[in-house]
$ cat data.cif   # mmCIF, C-alpha atoms
data_model
loop_
_atom_site.label_atom_id
_atom_site.label_comp_id
_atom_site.auth_asym_id
_atom_site.auth_seq_id
_atom_site.Cartn_x
_atom_site.Cartn_y
_atom_site.Cartn_z
CA MET W 27 -0.61 15.78 -22.35
CA GLN W 28 -0.19 12.12 -21.52
CA PRO W 29 2.10 11.52 -18.51
CA HIS W 30 5.49 9.88 -19.04
CA PHE W 31 4.50 7.35 -16.36
CA LYS W 32 0.97 6.09 -16.91
CA GLN W 33 0.52 3.63 -14.01
CA VAL W 34 1.77 4.95 -10.68
CA GLY W 35 1.92 2.96 -7.45
CA LEU W 36 1.65 4.77 -4.12
CA ILE W 37 3.51 3.43 -1.09
CA GLY W 38 3.79 5.00 2.34
CA LYS W 39 4.41 4.48 6.01
CA ALA W 40 1.17 3.10 7.42
CA ALA W 41 -0.72 4.76 10.29
CA ASP W 42 1.03 8.11 9.88
CA ARG W 43 -1.24 11.15 9.58
CA ASN W 44 1.31 13.29 7.72
CA VAL W 45 1.93 10.48 5.25
CA SER W 46 -1.82 10.17 4.68
CA ILE W 47 -2.16 13.89 3.96
CA THR W 48 0.72 13.80 1.46
CA LEU W 49 -0.56 10.64 -0.22
CA HIS W 50 -4.01 12.21 -0.75
CA ALA W 51 -2.39 15.32 -2.25
CA LEU W 52 -0.35 13.08 -4.55
CA ALA W 53 -3.41 11.12 -5.63
CA THR W 54 -5.27 14.32 -6.45
CA GLN W 55 -2.41 15.60 -8.59
CA LEU W 56 -1.98 12.25 -10.35
CA GLU W 57 -5.68 12.20 -11.20
CA THR W 58 -5.40 15.75 -12.58
CA GLN W 59 -2.51 14.65 -14.79
CA GLN W 60 -4.41 11.57 -15.99
CA ALA W 61 -2.14 8.97 -14.41
CA SER W 62 -3.70 5.73 -13.18
CA ILE W 63 -3.18 5.00 -9.47
CA LEU W 64 -2.52 1.67 -7.78
CA LEU W 65 -2.42 1.63 -3.97
CA ASP W 66 -0.04 -0.52 -1.97
CA ALA W 67 -2.03 -2.81 0.33
CA GLY W 68 -0.29 -1.27 3.34
CA ILE W 69 -1.96 2.10 2.81
CA ALA W 70 -5.35 0.94 1.50
CA ASP W 71 -7.12 1.92 4.72
CA MET W 72 -6.05 5.54 4.13
CA PHE W 73 -8.25 5.58 1.00
CA PRO W 74 -11.47 3.87 2.14
CA ASP W 75 -13.78 5.31 -0.54
CA SER W 76 -11.40 6.36 -3.31
CA GLY W 77 -12.20 3.59 -5.79
CA HIS W 78 -8.47 3.18 -6.55
CA PRO W 79 -7.41 -0.45 -7.01
CA VAL W 80 -5.24 -2.05 -4.33
CA ALA W 81 -2.40 -4.53 -4.80
CA GLU W 82 0.15 -6.40 -2.74
CA ARG W 83 3.69 -5.12 -3.19
CA ALA W 84 4.92 -7.67 -5.75
CA ASP W 85 1.78 -7.23 -7.85
CA LEU W 86 2.10 -3.45 -7.67
CA ALA W 87 5.72 -3.65 -8.82
CA SER W 88 4.81 -5.76 -11.84
CA ARG W 89 1.91 -3.54 -12.91
CA CYS W 90 3.32 -0.02 -12.44
CA ASP W 91 6.05 1.90 -14.22
CA LEU W 92 6.60 4.32 -11.32
CA ALA W 93 6.32 3.90 -7.55
CA ILE W 94 6.16 6.99 -5.33
CA VAL W 95 7.27 6.26 -1.77
CA VAL W 96 6.18 8.68 0.96
CA GLY W 97 8.05 8.63 4.28
CA GLY W 98 11.69 8.59 5.30
CA ASP W 99 14.73 6.71 4.04
CA GLY W 100 13.63 3.65 6.02
CA THR W 101 10.34 3.51 4.13
CA LEU W 102 12.19 3.68 0.83
CA LEU W 103 14.69 1.00 1.92
CA ASN W 104 11.79 -1.31 2.68
CA ALA W 105 10.19 -0.62 -0.69
CA ALA W 106 13.44 -0.90 -2.65
CA ARG W 107 14.06 -4.51 -1.63
CA SER W 108 10.75 -5.58 -3.16
CA LEU W 109 10.69 -3.24 -6.17
CA ALA W 110 14.20 -3.39 -7.65
CA GLU W 111 13.94 -6.78 -9.33
CA HIS W 112 10.87 -5.64 -11.30
CA GLY W 113 12.70 -2.71 -12.93
CA ILE W 114 10.15 -0.16 -11.74
CA ALA W 115 11.28 3.47 -11.31
CA VAL W 116 11.11 4.76 -7.71
CA LEU W 117 10.67 8.31 -6.45
CA GLY W 118 10.85 9.28 -2.76
CA VAL W 119 8.92 12.05 -1.00
CA ASN W 120 10.64 12.97 2.26
CA LEU W 121 8.63 13.05 5.48
CA GLY W 122 11.48 11.67 7.57
CA ARG W 123 14.48 13.26 9.27
CA LEU W 124 17.56 12.92 7.08
CA GLY W 125 16.39 12.04 3.60
CA PHE W 126 19.43 10.99 1.58
CA LEU W 127 17.22 8.85 -0.68
CA VAL W 128 13.83 10.56 -0.53
CA ASP W 129 14.70 13.98 -1.88
CA VAL W 130 11.35 15.47 -2.94
CA SER W 131 9.96 17.70 -0.19
CA PRO W 132 6.19 18.06 0.31
CA GLU W 133 6.54 21.80 -0.28
CA ASP W 134 8.06 21.29 -3.75
CA MET W 135 6.17 18.10 -4.56
CA SER W 136 3.53 19.61 -6.83
CA TRP W 137 5.76 21.30 -9.39
CA GLN W 138 8.50 18.65 -9.20
CA LEU W 139 6.02 15.83 -9.76
CA GLU W 140 4.59 17.67 -12.75
CA LEU W 141 8.06 17.83 -14.30
CA ILE W 142 8.81 14.19 -13.51
CA LEU W 143 5.52 12.95 -14.93
CA GLY W 144 6.34 14.96 -18.04
CA GLY W 145 9.63 13.08 -18.42
CA ASP W 146 11.96 15.68 -16.93
CA PHE W 147 13.97 13.87 -14.24
CA ILE W 148 17.37 12.42 -13.38
CA GLU W 149 17.61 8.64 -13.08
CA GLU W 150 20.28 6.69 -11.20
CA GLU W 151 20.93 3.01 -10.81
CA ARG W 152 21.69 2.09 -7.20
CA THR W 153 23.40 -1.22 -6.41
CA LEU W 154 21.79 -3.65 -3.98
CA LEU W 155 23.40 -6.52 -2.12
CA HIS W 156 22.10 -10.06 -1.75
CA ALA W 157 22.89 -11.89 1.48
CA THR W 158 22.40 -15.61 2.16
CA ALA W 159 22.84 -17.29 5.54
CA THR W 160 23.52 -21.04 5.80
CA ARG W 161 24.09 -23.47 8.68
CA ASN W 162 25.94 -26.74 8.11
CA GLY W 163 25.36 -26.26 4.39
CA ASN W 164 21.61 -25.81 4.84
CA PHE W 165 19.78 -22.67 3.81
CA LEU W 166 18.67 -20.36 6.65
CA SER W 167 17.54 -17.11 5.05
CA GLU W 168 18.21 -14.59 2.32
CA SER W 169 17.45 -10.93 1.74
CA ALA W 170 18.32 -8.00 -0.47
CA ALA W 171 19.81 -4.82 0.99
CA LEU W 172 20.06 -1.35 -0.51
CA ASN W 173 22.17 0.16 2.28
CA ASP W 174 24.07 -2.58 4.05
CA VAL W 175 24.38 -6.09 5.39
CA VAL W 176 25.61 -6.06 8.99
CA VAL W 177 26.85 -8.99 11.05
CA HIS W 178 26.79 -7.82 14.65
CA LYS W 179 26.53 -8.89 18.26
CA GLN W 180 23.24 -8.78 20.10
CA ASP W 181 22.79 -7.23 23.52
CA ILE W 182 25.79 -8.70 25.27
CA ALA W 183 28.85 -6.72 26.34
CA ARG W 184 31.47 -8.74 24.52
CA MET W 185 33.04 -8.92 21.08
CA ILE W 186 32.25 -11.38 18.35
CA GLU W 187 34.83 -13.05 16.10
CA LEU W 188 34.34 -13.38 12.35
CA ASP W 189 36.49 -14.89 9.61
CA THR W 190 36.15 -12.92 6.37
CA TYR W 191 36.94 -14.23 2.88
CA ILE W 192 36.95 -12.27 -0.39
CA ASP W 193 36.45 -14.35 -3.55
CA GLY W 194 37.68 -17.37 -1.62
CA HIS W 195 40.79 -15.61 -0.27
CA PHE W 196 41.15 -15.17 3.49
CA LEU W 197 41.10 -11.48 4.49
CA ASN W 198 41.27 -11.51 8.29
CA THR W 199 39.76 -12.57 11.58
CA ASN W 200 37.64 -9.67 12.74
CA ARG W 201 37.39 -9.20 16.51
CA SER W 202 34.90 -6.41 17.02
CA ASP W 203 31.27 -5.56 17.67
CA GLY W 204 30.55 -6.58 14.09
CA LEU W 205 31.16 -5.89 10.41
CA ILE W 206 29.25 -3.62 8.01
CA VAL W 207 29.18 -4.49 4.30
CA ALA W 208 27.80 -1.42 2.55
CA THR W 209 26.89 -0.28 -0.94
CA PRO W 210 27.75 3.25 -2.12
CA THR W 211 24.20 4.19 -1.13
CA GLY W 212 24.79 2.77 2.35
CA SER W 213 28.18 4.46 2.71
CA THR W 214 26.42 7.53 4.15
CA ALA W 215 24.44 5.45 6.67
CA TYR W 216 25.72 3.11 9.42
CA ALA W 217 29.07 2.67 7.64
CA LEU W 218 29.75 6.41 7.85
CA SER W 219 29.13 6.36 11.62
CA GLY W 220 31.63 3.51 11.85
CA GLY W 221 34.36 5.57 10.18
CA GLY W 222 33.90 4.28 6.63
CA PRO W 223 34.46 6.37 3.48
CA ILE W 224 31.74 8.09 1.48
CA LEU W 225 31.40 6.33 -1.89
CA HIS W 226 29.86 8.11 -4.85
CA PRO W 227 26.68 6.26 -5.97
CA ARG W 228 28.12 5.55 -9.44
CA LEU W 229 31.13 3.66 -8.09
CA ASP W 230 31.19 -0.10 -8.68
CA ALA W 231 32.30 -0.68 -5.11
CA ILE W 232 31.46 -2.23 -1.75
CA THR W 233 33.00 -1.16 1.54
CA LEU W 234 33.69 -3.33 4.60
CA VAL W 235 33.68 -1.37 7.85
CA PRO W 236 34.45 -3.00 11.22
CA ILE W 237 32.32 -1.86 14.18
CA CYS W 238 34.47 -0.89 17.20
CA PRO W 239 37.38 -3.20 16.24
CA HIS W 240 39.60 -4.67 18.94
CA THR W 241 42.74 -3.56 17.07
CA LEU W 242 43.06 -0.05 15.64
CA SER W 243 44.86 -1.46 12.59
CA ASN W 244 41.59 -3.14 11.49
CA ARG W 245 40.49 -0.47 9.03
CA PRO W 246 37.71 -0.14 6.41
CA ILE W 247 38.48 -1.64 3.01
CA VAL W 248 36.87 -0.89 -0.37
CA LEU W 249 36.31 -3.73 -2.85
CA HIS W 250 34.98 -4.03 -6.38
CA ASP W 251 31.28 -4.85 -6.27
CA ASP W 252 31.83 -8.06 -8.25
CA SER W 253 33.51 -9.46 -5.14
CA VAL W 254 31.88 -12.31 -3.22
CA ILE W 255 32.21 -11.85 0.53
CA GLU W 256 31.92 -14.78 2.92
CA ILE W 257 31.72 -14.28 6.68
CA ILE W 258 31.98 -17.22 9.08
CA ILE W 259 30.97 -16.97 12.73
CA HIS W 260 33.75 -18.21 15.03
CA GLU W 261 33.23 -20.97 17.55
CA GLY W 262 32.57 -19.46 20.96
CA THR W 263 30.76 -16.43 19.56
CA LEU W 264 27.44 -15.93 21.31
CA GLU W 265 24.27 -14.25 20.09
CA ALA W 266 25.31 -12.85 16.71
CA THR W 267 22.84 -11.60 14.09
CA VAL W 268 22.90 -10.64 10.42
CA SER W 269 20.71 -7.68 9.48
CA CYS W 270 19.83 -6.26 6.07
CA ASP W 271 19.14 -2.50 6.01
CA GLY W 272 18.51 -2.77 9.75
CA GLN W 273 15.07 -4.18 8.94
CA VAL W 274 15.45 -7.91 8.17
CA SER W 275 17.34 -10.02 10.73
CA GLN W 276 18.48 -13.62 11.19
CA PRO W 277 19.97 -14.95 14.46
CA LEU W 278 23.28 -16.74 13.96
CA GLN W 279 25.22 -19.53 15.66
CA PRO W 280 28.92 -20.44 15.65
CA GLY W 281 29.90 -21.92 12.29
CA ASP W 282 27.14 -20.17 10.33
CA HIS W 283 28.14 -18.74 6.92
CA ILE W 284 26.92 -15.47 5.43
CA THR W 285 27.57 -14.97 1.72
CA ILE W 286 27.18 -11.46 0.31
CA ARG W 287 27.31 -10.50 -3.36
CA LYS W 288 25.92 -7.83 -5.67
CA HIS W 289 22.22 -8.29 -6.36
CA ASP W 290 21.24 -9.23 -9.91
CA HIS W 291 19.05 -6.11 -10.16
CA ALA W 292 19.71 -2.44 -9.41
CA LEU W 293 17.22 0.09 -8.10
CA ARG W 294 16.04 2.72 -10.59
CA LEU W 295 15.99 5.80 -8.35
CA LEU W 296 14.53 9.03 -9.75
CA HIS W 297 15.41 12.58 -8.72
CA PRO W 298 13.82 15.88 -9.74
CA PRO W 299 15.67 17.94 -12.36
CA GLY W 300 18.62 19.86 -10.94
CA HIS W 301 19.49 17.12 -8.42
CA ASP W 302 23.12 17.50 -7.25
CA TYR W 303 24.61 14.69 -5.15
CA PHE W 304 27.28 16.94 -3.69
CA ALA W 305 24.70 19.53 -2.71
CA VAL W 306 22.84 16.76 -0.88
CA LEU W 307 26.03 15.85 1.01
CA ARG W 308 26.61 19.48 1.99
CA GLU W 309 23.06 19.84 3.23
CA LYS W 310 22.60 16.54 5.04
CA LEU W 311 26.08 16.48 6.60
CA ARG W 312 25.97 20.23 7.31
CA TRP W 313 29.29 20.90 5.62
CA SER W 314 28.17 24.44 4.72
CA GLU W 315 27.47 25.54 8.28
CA GLN W 316 29.80 28.15 9.69
CA PRO W 317 31.19 27.73 13.22
#
$ encode --input "data.cif" --output "structure tokens"
Amino acid sequence: MQPHFKQVGLIGKAADRNVSITLHALATQLETQQASILLDAGIADMFPDSGHPVAERADLASRCDLAIVVGGDGTLLNAARSLAEHGIAVLGVNLGRLGFLVDVSPEDMSWQLELILGGDFIEEERTLLHATATRNGNFLSESAALNDVVVHKQDIARMIELDTYIDGHFLNTNRSDGLIVATPTGSTAYALSGGGPILHPRLDAITLVPICPHTLSNRPIVLHDDSVIEIIIHEGTLEATVSCDGQVSQPLQPGDHITIRKHDHALRLLHPPGHDYFAVLREKLRWSEQP
């Protein structure tokens, strides 16, 4: 039987022995099921004599119809930012700690992958954000984010001040350790630790969560994901930074502008059959444990 996905890209956390073992097991199964394999350049040295072709990430995304990411949620976040705009389906195999996004375990990988390659899977679209930083009207940097865009202080023991605008309308002046702008996917990450709400992945929403606000009345707010959010760094604020998914950072100065909007492309995230979002919440947040 021909696989549902014919060209499969393999991505993993480099220099990790457990990742290497799982990637080799995946490659063996994919070969058995007659799927072509394309290796991400970051893991090529794990397959020195395999004969599988190697590609840089953007090339892999344009040539494959499925990418399998082996590692933790951080590995998938890194991959998602480069894969989403190409419309490639993404499946995560969990070798990390929490695993909200990478929900295939190595123990169940063989039979679940067989079902997925046969076309039996659940597919979700996950919203990404796009953040642009400018200084005096000049471009500084831009990045996508699957979880969140965070404007925060660096390693100094003082607050930062931010003016926040929504679709051109002034919201407030935020005096805090920073501000988290999170997608529904990111609502169970940093935003949850900051007291933000859990948003179901299918909601067309973005949440703004202040980090350790100076006033207790400064509470999280949920917006429609068509909203355009502008954050301006106050004069006198020292050593602020904007970070995307905690992995891509840009130092900021007073007067800098950060504009955040929904990304033009969503991530196609695959789950094995029987996936239940609420079961994932119960397991990962330990709601089912008895005192």
$ resolve_selection --input "data.cif" --expression "the PyMOL selection byres ((chain W and resi 282) around 8)" --output "number ranges by chain"
W: 159-162, 258-259, 278-281, 283-284
$ resolve_selection --input "data.cif" --expression "the PyMOL selection byres ((chain W and resi 52) around 9)" --output "ChimeraX atom specification"
/W:36,47-51,53-57,94,135-136,139
$ closest_residue --input "data.cif" --among "W:Gly163, W:Pro79, W:Gly38, W:Gly204" --to "W:Ala105" --atoms "all atoms listed in the file"
W:Gly38
$ resolve_selection --input "data.cif" --expression "the PyMOL selection byres ((chain W and resi 262-272) around 6)" --output "tab-separated table (two decimals) with C-alpha atoms, in the coordinates of the input"
chain	number	residue	atom	x	y	z
W	171	ALA	CA	19.81	-4.82	0.99
W	173	ASN	CA	22.17	0.16	2.28
W	174	ASP	CA	24.07	-2.58	4.05
W	175	VAL	CA	24.38	-6.09	5.39
W	176	VAL	CA	25.61	-6.06	8.99
W	177	VAL	CA	26.85	-8.99	11.05
W	178	HIS	CA	26.79	-7.82	14.65
W	179	LYS	CA	26.53	-8.89	18.26
W	180	GLN	CA	23.24	-8.78	20.10
W	186	ILE	CA	32.25	-11.38	18.35
W	260	HIS	CA	33.75	-18.21	15.03
W	261	GLU	CA	33.23	-20.97	17.55
W	273	GLN	CA	15.07	-4.18	8.94
W	274	VAL	CA	15.45	-7.91	8.17
W	275	SER	CA	17.34	-10.02	10.73
W	276	GLN	CA	18.48	-13.62	11.19
W	277	PRO	CA	19.97	-14.95	14.46
W	278	LEU	CA	23.28	-16.74	13.96
W	280	PRO	CA	28.92	-20.44	15.65
$ closest_residue --input "data.cif" --among "W:Leu143, W:Ala215, W:Ala70, W:Ile247" --to "W:Leu124" --atoms "all atoms listed in the file"
W:Ala215
$ closest_residue --input "data.cif" --among "W:Leu249, W:Val96, W:Gly113, W:Gly125" --to "W:Leu311" --atoms "only C-alpha atoms"
W:Gly125
$ atom_distance --input "data.cif" --atom1 "atom CA of W:Gln33" --atom2 "atom CA of W:Leu141"
16.1 Å
$ closest_residue --input "data.cif" --among "W:Thr214, W:Ser314, W:Ser46, W:Thr233" --to "W:Leu121" --atoms "only C-alpha atoms"
W:Ser46
$ atom_distance --input "data.cif" --atom1 "atom CA of W:Thr209" --atom2 "atom CA of W:Leu293"
12.0 Å
$ atom_distance --input "data.cif" --atom1 "atom CA of W:Glu111" --atom2 "atom CA of W:Val80"
20.4 Å
$ closest_residue --input "data.cif" --among "W:Ile237, W:Ile37, W:Ile69, W:Ala231" --to "W:Cys90" --atoms "all atoms listed in the file"
W:Ile37
$ residues_around --input "data.cif" --residues "W:Thr211" --least-positions-apart "3" --cutoff "10 Å" --atoms "all atoms listed in the file" --output "PyMOL selection string"
chain W and resi 126-127+152-154+172-174+208+214-215+224-229+232
$ residues_around --input "data.cif" --residues "W:Ser62" --least-positions-apart "2" --cutoff "7 Å" --atoms "only C-alpha atoms" --output "list in words"
Lys32, Gln33, Val34, Gln60 and Leu64 of chain W
$ residues_near_point --input "data.cif" --point "(14.4, 7.1, -5.4)" --cutoff "10 Å" --atoms "only C-alpha atoms" --output "number ranges by chain"
W: 93-95, 99, 102-103, 105-106, 115-119, 126-130, 149-152, 293-298
$ closest_residue --input "data.cif" --among "W:Gly145, W:Gly68, W:Pro74, W:Pro132" --to "W:Leu92" --atoms "only C-alpha atoms"
W:Gly145
$ axis_aligned_box --input "data.cif" --around "stretch 294-303 of chain W" --padding-each-side "3 Å" --output "lines of an AutoDock Vina configuration file"
center_x = 19.2
center_y = 11.3
center_z = -8.8
size_x = 16.8
size_y = 23.1
size_z = 13.2
$ residues_around --input "data.cif" --residues "W:His195" --least-positions-apart "2" --cutoff "12 Å" --atoms "all atoms listed in the file" --output "list in words"
Asp189, Thr190, Tyr191, Ile192, Asp193, Leu197, Asn198, Ser253, Val254, Ile255, Glu256 and Ile257 of chain W
$ build_atoms --input "data.cif" --residues "stretch 117-143 of chain W" --atoms "N, CA and C atoms" --output "PDB file, in the frame of the given file"
ATOM      1  N   LEU W 117      10.494   6.917  -6.848  1.00  0.00           N
ATOM      2  CA  LEU W 117      10.670   8.310  -6.450  1.00  0.00           C
ATOM      3  C   LEU W 117      10.293   8.432  -4.978  1.00  0.00           C
ATOM      4  N   GLY W 118      11.115   9.140  -4.184  1.00  0.00           N
ATOM      5  CA  GLY W 118      10.850   9.280  -2.760  1.00  0.00           C
ATOM      6  C   GLY W 118      10.424  10.684  -2.382  1.00  0.00           C
ATOM      7  N   VAL W 119       9.372  10.778  -1.568  1.00  0.00           N
ATOM      8  CA  VAL W 119       8.920  12.050  -1.000  1.00  0.00           C
ATOM      9  C   VAL W 119       9.273  12.024   0.478  1.00  0.00           C
ATOM     10  N   ASN W 120      10.031  13.014   0.939  1.00  0.00           N
ATOM     11  CA  ASN W 120      10.640  12.970   2.260  1.00  0.00           C
ATOM     12  C   ASN W 120       9.739  13.531   3.357  1.00  0.00           C
ATOM     13  N   LEU W 121       9.301  12.630   4.250  1.00  0.00           N
ATOM     14  CA  LEU W 121       8.630  13.050   5.480  1.00  0.00           C
ATOM     15  C   LEU W 121       9.409  12.566   6.697  1.00  0.00           C
ATOM     16  N   GLY W 122      10.652  12.154   6.476  1.00  0.00           N
ATOM     17  CA  GLY W 122      11.480  11.670   7.570  1.00  0.00           C
ATOM     18  C   GLY W 122      12.414  12.749   8.075  1.00  0.00           C
ATOM     19  N   ARG W 123      13.544  12.316   8.667  1.00  0.00           N
ATOM     20  CA  ARG W 123      14.480  13.260   9.270  1.00  0.00           C
ATOM     21  C   ARG W 123      15.620  13.621   8.335  1.00  0.00           C
ATOM     22  N   LEU W 124      16.345  12.623   7.828  1.00  0.00           N
ATOM     23  CA  LEU W 124      17.560  12.920   7.080  1.00  0.00           C
ATOM     24  C   LEU W 124      17.294  13.031   5.583  1.00  0.00           C
ATOM     25  N   GLY W 125      16.816  11.965   4.986  1.00  0.00           N
ATOM     26  CA  GLY W 125      16.390  12.040   3.600  1.00  0.00           C
ATOM     27  C   GLY W 125      17.483  12.065   2.562  1.00  0.00           C
ATOM     28  N   PHE W 126      18.440  11.124   2.645  1.00  0.00           N
ATOM     29  CA  PHE W 126      19.430  10.990   1.580  1.00  0.00           C
ATOM     30  C   PHE W 126      18.789  10.422   0.310  1.00  0.00           C
ATOM     31  N   LEU W 127      17.804   9.548   0.457  1.00  0.00           N
ATOM     32  CA  LEU W 127      17.220   8.850  -0.680  1.00  0.00           C
ATOM     33  C   LEU W 127      15.917   9.464  -1.145  1.00  0.00           C
ATOM     34  N   VAL W 128      15.135   9.969  -0.198  1.00  0.00           N
ATOM     35  CA  VAL W 128      13.830  10.560  -0.530  1.00  0.00           C
ATOM     36  C   VAL W 128      14.020  12.076  -0.588  1.00  0.00           C
ATOM     37  N   ASP W 129      14.225  12.597  -1.783  1.00  0.00           N
ATOM     38  CA  ASP W 129      14.700  13.980  -1.880  1.00  0.00           C
ATOM     39  C   ASP W 129      13.672  14.960  -2.449  1.00  0.00           C
ATOM     40  N   VAL W 130      12.423  14.538  -2.570  1.00  0.00           N
ATOM     41  CA  VAL W 130      11.350  15.470  -2.940  1.00  0.00           C
ATOM     42  C   VAL W 130      10.664  15.908  -1.651  1.00  0.00           C
ATOM     43  N   SER W 131      10.614  17.209  -1.398  1.00  0.00           N
ATOM     44  CA  SER W 131       9.960  17.700  -0.190  1.00  0.00           C
ATOM     45  C   SER W 131       8.477  17.932  -0.481  1.00  0.00           C
ATOM     46  N   PRO W 132       7.616  17.804   0.536  1.00  0.00           N
ATOM     47  CA  PRO W 132       6.190  18.060   0.310  1.00  0.00           C
ATOM     48  C   PRO W 132       5.913  19.457  -0.218  1.00  0.00           C
ATOM     49  N   GLU W 133       6.741  20.426   0.173  1.00  0.00           N
ATOM     50  CA  GLU W 133       6.540  21.800  -0.280  1.00  0.00           C
ATOM     51  C   GLU W 133       6.778  21.960  -1.777  1.00  0.00           C
ATOM     52  N   ASP W 134       7.721  21.191  -2.317  1.00  0.00           N
ATOM     53  CA  ASP W 134       8.060  21.290  -3.750  1.00  0.00           C
ATOM     54  C   ASP W 134       7.429  20.176  -4.570  1.00  0.00           C
ATOM     55  N   MET W 135       6.669  19.317  -3.921  1.00  0.00           N
ATOM     56  CA  MET W 135       6.170  18.100  -4.560  1.00  0.00           C
ATOM     57  C   MET W 135       5.336  18.382  -5.798  1.00  0.00           C
ATOM     58  N   SER W 136       4.468  19.386  -5.739  1.00  0.00           N
ATOM     59  CA  SER W 136       3.530  19.610  -6.830  1.00  0.00           C
ATOM     60  C   SER W 136       4.241  19.918  -8.146  1.00  0.00           C
ATOM     61  N   TRP W 137       5.114  20.921  -8.128  1.00  0.00           N
ATOM     62  CA  TRP W 137       5.760  21.300  -9.390  1.00  0.00           C
ATOM     63  C   TRP W 137       6.827  20.287  -9.812  1.00  0.00           C
ATOM     64  N   GLN W 138       7.500  19.658  -8.832  1.00  0.00           N
ATOM     65  CA  GLN W 138       8.500  18.650  -9.200  1.00  0.00           C
ATOM     66  C   GLN W 138       7.841  17.413  -9.788  1.00  0.00           C
ATOM     67  N   LEU W 139       6.720  16.995  -9.220  1.00  0.00           N
ATOM     68  CA  LEU W 139       6.020  15.830  -9.760  1.00  0.00           C
ATOM     69  C   LEU W 139       5.507  16.104 -11.165  1.00  0.00           C
ATOM     70  N   GLU W 140       5.057  17.328 -11.410  1.00  0.00           N
ATOM     71  CA  GLU W 140       4.590  17.670 -12.750  1.00  0.00           C
ATOM     72  C   GLU W 140       5.714  17.519 -13.774  1.00  0.00           C
ATOM     73  N   LEU W 141       6.920  17.975 -13.400  1.00  0.00           N
ATOM     74  CA  LEU W 141       8.060  17.830 -14.300  1.00  0.00           C
ATOM     75  C   LEU W 141       8.416  16.362 -14.511  1.00  0.00           C
ATOM     76  N   ILE W 142       8.430  15.599 -13.427  1.00  0.00           N
ATOM     77  CA  ILE W 142       8.810  14.190 -13.510  1.00  0.00           C
ATOM     78  C   ILE W 142       7.820  13.405 -14.352  1.00  0.00           C
ATOM     79  N   LEU W 143       6.534  13.647 -14.123  1.00  0.00           N
ATOM     80  CA  LEU W 143       5.520  12.950 -14.930  1.00  0.00           C
ATOM     81  C   LEU W 143       5.602  13.337 -16.394  1.00  0.00           C
TER      82      LEU W 143
END
